[in-house]
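Structure first, commentary second.
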Amino acid sequence: MAFLRVVTRWPASSKFACATPGLHRHALDPPGAAGTALRSGFLPLTTSSAVAKSSAATAEALRGGSQTLGSRRDPLDATFDDAHAAYKSKTTWEILRAYIVYTLCSSNYLVENNMKIMKVAKAILGEKIFTAIMKSTFYGHFVAGEDQIRIRPTLERLRSFGVKPILDYSVEEDLSQEEAEKREVESSVSELGDEKVQGPPPAEMGGTMPQFHVDKTFADRRYKVSSARTYFYLNEATCERNLEIFQQSLQAVAGATYGTGLAAVKLTALGRPQLLLQLSEVIMRTRQYMTEITALTAQANKSSPDDKGNIIGKHIQPEELQQKLQQACKLSEAPVKKFLQNVTYDQEGLIHLFPWSGIIDENLELSETFLVPDMKTGKMVRLLTQLSSKEEEMFRNMIRRINVLAQTAEDLDVRMMVDAEQTYFQPAISRITLEFMRKYNTKKALIFNTYQCYLKDAFNEVSTDLEQAKRQNFYFGAKLVRGAYLEQERARAAALGYPDPTNPSFEATSESYHRTLTECLRRIKDLKDKGKPNMIGIMVASHNEDTVRFAIEKMKEIGISPEDKVLCFGQLLGMCDYITFPLGQSGYSAYKYIPYGPVNEVLPYLSRRAQENKGILKKIKKEKRLLLRELIYRISRGKIMYTPKGDYTPI
Ligand SMILES: Cc1cc2nc3c(=O)[nH]c(=O)nc-3n(C[C@H](O)[C@H](O)[C@H](O)COP(=O)(O)OP(=O)(O)OC[C@H]3O[C@@H](n4cnc5c(N)ncnc54)[C@H](O)[C@@H]3O)c2cc1C
């Protein structure tokens, strides 16, 4: 029966499957219509006759742990112009609703004033009618349901059409700008004051680094951001509440998705932003410090002094570091000895200057940890700005919360994906996530980090972290995105006078994305050749067709198949179905980012979805064109009452 497992996706004669619309068998068509696909030049498909019904499949098969015999696979139209494939998981009413929603999202007035309109409508219509209207329009289109039970039918349907979920409990506080700014400013500064780093001359440690200090003008982190949720710190109790919500989300993934899904997590929900800011600043200062050391030792090793920040890539040996340090200080002095004892090496050289594993496992005092010998005076200097003992405790609380989450993910055997946020938090978020990966990703990629390719440093960041994963032998999971905070990042950098961290153009961002993805795939191929391809798992989280095509083409070129289960795709629920569903139905690992939560509490999320959709008119135009095509098809064939029933099993 082995032949049943062989699913050929590439057409015999072309780079991608034939793009001619209408050639694929439509879910609404009689079975004989499948022949059209064969006549079009596609290689034979597995057919639905042998489908193992998902309800009867075991949880392991649902997880994609084993290829379910006979699960249906369609050829992929990589132009993503196949309306049938895109919408056969939808009822005709859902198609019409999607069309109406996208049309409304194109109205400037509605989008600009949507929050006001929703509030007025609620006041006039009353809670019940308003909720019903929302459910049959925006909420119904973009949100899966109120809670983990009510989202099940949506998840079941997605799964039967080959698509898996990333769950995100999308309840947001509807804060005024004033309240958001107030909270952010209060929670971003130490109770000891916003003191700049002590000791060394600023230039040698990276200067004043204004990016890691709160500025009231940009304190409302929602500024010009439409595609991401924002948490504003209130107190430790709200962080505990957020922890519970994330845990419930992990449980929902375990229960409602049979563990096939992922849960999305944001670290800013779990602790005081001040701690992420200070930790980020320390990380950047450490890189600056290392740049200084490597500039002086550059000739003695393979690295370039211009190769900023990439400590692990410099292959610095213990003797080299000691040699350098002894020019400035006595290695026998107790604090220098202690510093050197905590440095992490492997046979290839230096990995970390500080005991990061200790920071996530033990109760290390931060202010005692981030001390380095100053290269000019030899004295130990603190890289961390002031932190009170109460704030130290808050830091340990935040780490404990992440530990609880990671442990829950491990106990439930479900994957957790940490979102990327603003650049002033990101060094800390990324470092903490990577250390949790090292701790928990010992048997599989359980924890995923996120990398924003609109950042100039994206390629270096990913390469460095891949290198750490390789050298410390843990599974590496990453979601690659372009990035959601472009305008805010640029405006803040310009206003506060630090270099713009983002790429200068959309093309440069795409180039960065594709280069980074290629590097991941290259490493996956190396590992595949050594018999362990799944040490790296990548999600291409993008609505960009070119990027999705690029990934598919690269997989093919490099020799990685969907069955290797090392690369998956992710789009938001209610956006770009014409990409997600054809991918899932043709055997690629495809995910929808699924928001859920009570109607009234996801209004800010809906508001942002409306705004984001307005900004991507080209994609909306295509979505509307395809929706209309499917609608006309169903009406003309008298299939208005069509009931979607999928017979696919996600890989
Ligand atoms: C499943 C999923 C998870 C996500 N998680 C995160 C996350 O954790 N963190 C996060 O930040 N974002 C996240 N995003 C959002 C993502 O970063 C993008 O904002 C969004 O998806 C648009 O990018 P695109 O590739 O889909 O589409 P496109 O429309 O092709 O790209 C738009 C993006 O290109 C970049 N860009 C546009 N113009 C320029 C320019 N002039 N110069 C430089 N760059 C430019 C910007 O990043 C912009 O958002 C996620 C998206 C998805 C689908």
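Identifiers in this document derive from the order of the structure tokens: chains are assigned A, B, ..., residues are numbered from 1 separately in each chain, and ligands are numbered from 1 in order of occurrence.
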Counting only C-alpha atoms and all ligand atoms, what are the residues, protein, DNA or RNA alike, that approach ligand 1 to within 7 Å? I want them as a PyMOL selection string.
chain A and resi 227-228+418-421+450+452+454+481-486+502-506+508-509+541-544+570-572+592-593+616
Pick out the residues sitting within 8 Å of A:Leu96, and hand them over as a PyMOL selection string; count only C-alpha atoms, and ignore anything fewer than 4 positions along from it in its own chain.
chain A and resi 92+100+627+631
Of the listed residues A:Met380, A:Ala590, A:Leu155, A:Ile429, that which approaches A:Phe339 most closely, counting only C-alpha atoms
A:Met380
Hey, which of A:Val372, A:Leu175, A:Ala78, A:Ile129 ends up closest to A:Thr547? Count only C-alpha atoms.
A:Ala78
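If you count only C-alpha atoms and ignore residues fewer than 4 places along the chain from A:Asn235, what sits within 9 Å of it is Ser187, Cys239, Gly271 and Arg272 of chain A.
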Selection from above, C-alpha atoms, as a compact mmCIF listing (two decimals), in the first residue's frame, can you write it?
# COMPACT_ATOMS: atom_id res chain seq x y z
CA SER A 187 5.57 50.91 33.90
CA CYS A 239 0.03 39.53 34.22
CA GLY A 271 5.63 41.37 32.76
CA ARG A 272 6.55 44.97 33.25
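With only C-alpha atoms as the atoms that count, the residue of A:Lys565, A:Lys556, A:Arg492, A:Arg157 with the shortest distance to A:His213 is A:Arg492.
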In stretch 96-325 of chain A, what's strand (DSSP E or B) per DSSP? Answer as a CSV table (one decimal) with N, CA and C atoms, in the first residue's frame?
chain,number,residue,atom,x,y,z
A,163,VAL,N,-6.5,22.6,6.8
A,163,VAL,CA,-5.9,23.8,7.5
A,163,VAL,C,-5.9,23.6,9.0
A,164,LYS,N,-4.8,24.0,9.6
A,164,LYS,CA,-4.6,23.9,11.1
A,164,LYS,C,-4.7,25.3,11.7
A,165,PRO,N,-4.9,25.3,13.0
A,165,PRO,CA,-5.1,26.7,13.7
A,165,PRO,C,-3.9,27.1,14.5
A,166,ILE,N,-3.7,28.4,14.6
A,166,ILE,CA,-2.9,29.1,15.6
A,166,ILE,C,-3.9,29.8,16.4
A,167,LEU,N,-4.1,29.4,17.7
A,167,LEU,CA,-5.1,30.1,18.5
A,167,LEU,C,-4.6,31.3,19.2
A,168,ASP,N,-5.5,32.3,19.2
A,168,ASP,CA,-5.1,33.6,19.9
A,168,ASP,C,-6.4,34.1,20.6
A,169,TYR,N,-6.4,34.1,21.9
A,169,TYR,CA,-7.5,34.7,22.6
A,169,TYR,C,-7.4,36.2,22.5
A,262,LEU,N,-1.3,25.6,17.2
A,262,LEU,CA,-0.3,26.3,18.0
A,262,LEU,C,-1.0,27.4,18.8
A,263,ALA,N,-0.3,27.8,19.9
A,263,ALA,CA,-0.9,28.9,20.6
A,263,ALA,C,0.0,30.1,20.5
A,264,ALA,N,-0.5,31.3,20.3
A,264,ALA,CA,0.3,32.5,20.2
A,264,ALA,C,0.4,33.2,21.5
A,265,VAL,N,1.6,33.7,21.8
A,265,VAL,CA,1.8,34.3,23.1
A,265,VAL,C,2.6,35.6,22.9
What gap, in Å, lies between atom CA of A:Pro318 and atom CA of A:Phe436?
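Separation between atom CA of A:Pro318 and atom CA of A:Phe436: 25.6 Å.
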Between atom CA of A:Met416 and atom CA of A:Leu446, measure the distance and give it in Å to one decimal.
6.2 Å
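Every protein, DNA or RNA residue with an atom at most 8 Å from stretch 471-473 of chain A, where only C-alpha atoms count and chain neighbours fewer than 2 positions away do not, is listed here: Asp346, Arg438, Thr442, Glu467, Gln468, Ala469 and Tyr475 of chain A.
Taking only C-alpha atoms into account, A:Ser136 lies nearest to A:Val599 out of the set A:Val599, A:Phe218, A:Met290, A:Glu368.
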Name the residues of stretch 247-409 of chain A that fall into helix (DSSP H, G or I) according to DSSP on the backbone, using the chain letters and numbers of this document, as a ChimeraX atom specification.
/A:247-256,267-269,273-300,312-314,318-326,334-341,356-361,366-369,389-409
Output the selection as a PDB file, in the first residue's frame - C-alpha atoms for each residue.
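Now in again-v7.pdb:
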ATOM      1  CA  GLN A 247      -2.633  28.588  29.520  1.00  0.00           C
ATOM      2  CA  GLN A 248      -6.282  28.235  28.534  1.00  0.00           C
ATOM      3  CA  SER A 249      -5.265  28.907  24.961  1.00  0.00           C
ATOM      4  CA  LEU A 250      -2.705  26.083  25.155  1.00  0.00           C
ATOM      5  CA  GLN A 251      -5.407  23.838  26.602  1.00  0.00           C
ATOM      6  CA  ALA A 252      -7.721  24.855  23.774  1.00  0.00           C
ATOM      7  CA  VAL A 253      -5.033  23.857  21.283  1.00  0.00           C
ATOM      8  CA  ALA A 254      -4.661  20.497  23.029  1.00  0.00           C
ATOM      9  CA  GLY A 255      -8.406  19.905  23.154  1.00  0.00           C
ATOM     10  CA  ALA A 256     -10.061  21.623  20.231  1.00  0.00           C
ATOM     11  CA  LEU A 267       5.717  38.402  26.320  1.00  0.00           C
ATOM     12  CA  THR A 268       4.636  42.003  26.958  1.00  0.00           C
ATOM     13  CA  ALA A 269       1.496  40.481  28.502  1.00  0.00           C
ATOM     14  CA  PRO A 273       7.814  46.586  30.037  1.00  0.00           C
ATOM     15  CA  GLN A 274      10.596  48.311  31.978  1.00  0.00           C
ATOM     16  CA  LEU A 275      12.257  44.908  32.447  1.00  0.00           C
ATOM     17  CA  LEU A 276      12.172  44.100  28.745  1.00  0.00           C
ATOM     18  CA  LEU A 277      13.525  47.561  27.941  1.00  0.00           C
ATOM     19  CA  GLN A 278      16.400  47.258  30.397  1.00  0.00           C
ATOM     20  CA  LEU A 279      17.251  43.740  29.331  1.00  0.00           C
ATOM     21  CA  SER A 280      17.182  44.782  25.683  1.00  0.00           C
ATOM     22  CA  GLU A 281      19.549  47.618  26.461  1.00  0.00           C
ATOM     23  CA  VAL A 282      21.925  45.250  28.255  1.00  0.00           C
ATOM     24  CA  ILE A 283      21.926  42.897  25.281  1.00  0.00           C
ATOM     25  CA  MET A 284      22.755  45.707  22.876  1.00  0.00           C
ATOM     26  CA  ARG A 285      25.458  47.045  25.200  1.00  0.00           C
ATOM     27  CA  THR A 286      26.950  43.583  25.467  1.00  0.00           C
ATOM     28  CA  ARG A 287      27.095  43.403  21.679  1.00  0.00           C
ATOM     29  CA  GLN A 288      28.790  46.766  21.613  1.00  0.00           C
ATOM     30  CA  TYR A 289      31.260  45.552  24.224  1.00  0.00           C
ATOM     31  CA  MET A 290      31.962  42.455  22.157  1.00  0.00           C
ATOM     32  CA  THR A 291      32.415  44.566  19.056  1.00  0.00           C
ATOM     33  CA  GLU A 292      35.098  46.465  20.925  1.00  0.00           C
ATOM     34  CA  ILE A 293      36.824  43.263  22.030  1.00  0.00           C
ATOM     35  CA  THR A 294      36.625  41.630  18.618  1.00  0.00           C
ATOM     36  CA  ALA A 295      37.847  44.755  16.881  1.00  0.00           C
ATOM     37  CA  LEU A 296      40.970  44.345  18.973  1.00  0.00           C
ATOM     38  CA  THR A 297      41.249  40.610  18.407  1.00  0.00           C
ATOM     39  CA  ALA A 298      40.009  40.591  14.811  1.00  0.00           C
ATOM     40  CA  GLN A 299      43.349  39.655  13.340  1.00  0.00           C
ATOM     41  CA  ALA A 300      43.687  36.709  15.666  1.00  0.00           C
ATOM     42  CA  ILE A 312      28.575  33.271  18.648  1.00  0.00           C
ATOM     43  CA  GLY A 313      29.778  33.680  15.078  1.00  0.00           C
ATOM     44  CA  LYS A 314      33.138  35.089  16.111  1.00  0.00           C
ATOM     45  CA  PRO A 318      38.823  31.355  26.082  1.00  0.00           C
ATOM     46  CA  GLU A 319      42.508  32.279  25.810  1.00  0.00           C
ATOM     47  CA  GLU A 320      41.744  35.053  23.342  1.00  0.00           C
ATOM     48  CA  LEU A 321      39.200  36.647  25.649  1.00  0.00           C
ATOM     49  CA  GLN A 322      41.496  36.307  28.646  1.00  0.00           C
ATOM     50  CA  GLN A 323      44.418  37.701  26.703  1.00  0.00           C
ATOM     51  CA  LYS A 324      42.390  40.700  25.735  1.00  0.00           C
ATOM     52  CA  LEU A 325      41.056  41.286  29.225  1.00  0.00           C
ATOM     53  CA  GLN A 326      44.404  41.026  30.921  1.00  0.00           C
ATOM     54  CA  ALA A 334      37.693  37.914  42.290  1.00  0.00           C
ATOM     55  CA  PRO A 335      35.069  39.818  40.224  1.00  0.00           C
ATOM     56  CA  VAL A 336      36.957  39.229  36.954  1.00  0.00           C
ATOM     57  CA  LYS A 337      37.366  35.550  37.854  1.00  0.00           C
ATOM     58  CA  LYS A 338      33.657  35.293  38.562  1.00  0.00           C
ATOM     59  CA  PHE A 339      32.846  36.991  35.252  1.00  0.00           C
ATOM     60  CA  LEU A 340      35.109  34.575  33.357  1.00  0.00           C
ATOM     61  CA  GLN A 341      33.636  31.560  35.123  1.00  0.00           C
ATOM     62  CA  TRP A 356      21.531  33.103  30.339  1.00  0.00           C
ATOM     63  CA  SER A 357      20.569  29.596  31.309  1.00  0.00           C
ATOM     64  CA  GLY A 358      20.870  30.680  34.939  1.00  0.00           C
ATOM     65  CA  ILE A 359      18.644  33.645  34.310  1.00  0.00           C
ATOM     66  CA  ILE A 360      15.764  31.469  33.171  1.00  0.00           C
ATOM     67  CA  ASP A 361      16.403  28.525  35.506  1.00  0.00           C
ATOM     68  CA  LEU A 366      20.096  40.780  37.375  1.00  0.00           C
ATOM     69  CA  SER A 367      22.105  43.702  38.718  1.00  0.00           C
ATOM     70  CA  GLU A 368      24.792  41.295  39.902  1.00  0.00           C
ATOM     71  CA  THR A 369      24.844  39.405  36.617  1.00  0.00           C
ATOM     72  CA  SER A 389      14.855  44.716  44.586  1.00  0.00           C
ATOM     73  CA  LYS A 390      11.107  44.847  43.993  1.00  0.00           C
ATOM     74  CA  GLU A 391      11.745  45.081  40.235  1.00  0.00           C
ATOM     75  CA  GLU A 392      14.210  42.181  40.440  1.00  0.00           C
ATOM     76  CA  GLU A 393      11.355  40.199  41.937  1.00  0.00           C
ATOM     77  CA  MET A 394       9.035  41.303  39.140  1.00  0.00           C
ATOM     78  CA  PHE A 395      11.595  40.058  36.638  1.00  0.00           C
ATOM     79  CA  ARG A 396      11.690  36.668  38.336  1.00  0.00           C
ATOM     80  CA  ASN A 397       7.884  36.679  38.258  1.00  0.00           C
ATOM     81  CA  MET A 398       7.893  37.288  34.526  1.00  0.00           C
ATOM     82  CA  ILE A 399      10.380  34.464  33.941  1.00  0.00           C
ATOM     83  CA  ARG A 400       8.351  32.196  36.223  1.00  0.00           C
ATOM     84  CA  ARG A 401       5.233  32.922  34.144  1.00  0.00           C
ATOM     85  CA  ILE A 402       7.018  32.046  30.913  1.00  0.00           C
ATOM     86  CA  ASN A 403       8.345  28.901  32.577  1.00  0.00           C
ATOM     87  CA  VAL A 404       4.814  27.931  33.630  1.00  0.00           C
ATOM     88  CA  LEU A 405       3.615  28.430  30.060  1.00  0.00           C
ATOM     89  CA  ALA A 406       6.468  26.477  28.521  1.00  0.00           C
ATOM     90  CA  GLN A 407       5.920  23.698  31.054  1.00  0.00           C
ATOM     91  CA  THR A 408       2.182  23.670  30.249  1.00  0.00           C
ATOM     92  CA  ALA A 409       3.025  23.449  26.547  1.00  0.00           C
TER      93      ALA A 409
END
So which one's closest to A:Ser388, A:Gln148, A:Gln585, A:Thr79, A:Ser190? Using only C-alpha atoms, please.
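Using only C-alpha atoms, the shortest distance to A:Ser388 belongs to A:Ser190.
Checking A:Phe370, A:Tyr102, A:Tyr591, A:Tyr440 one by one against A:Glu410, counting only C-alpha atoms, you find the shortest gap at A:Tyr440.
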Can you tell me how far atom CA of A:Ser170 sits from atom CA of A:Glu601, in Å to one decimal?
7.9 Å
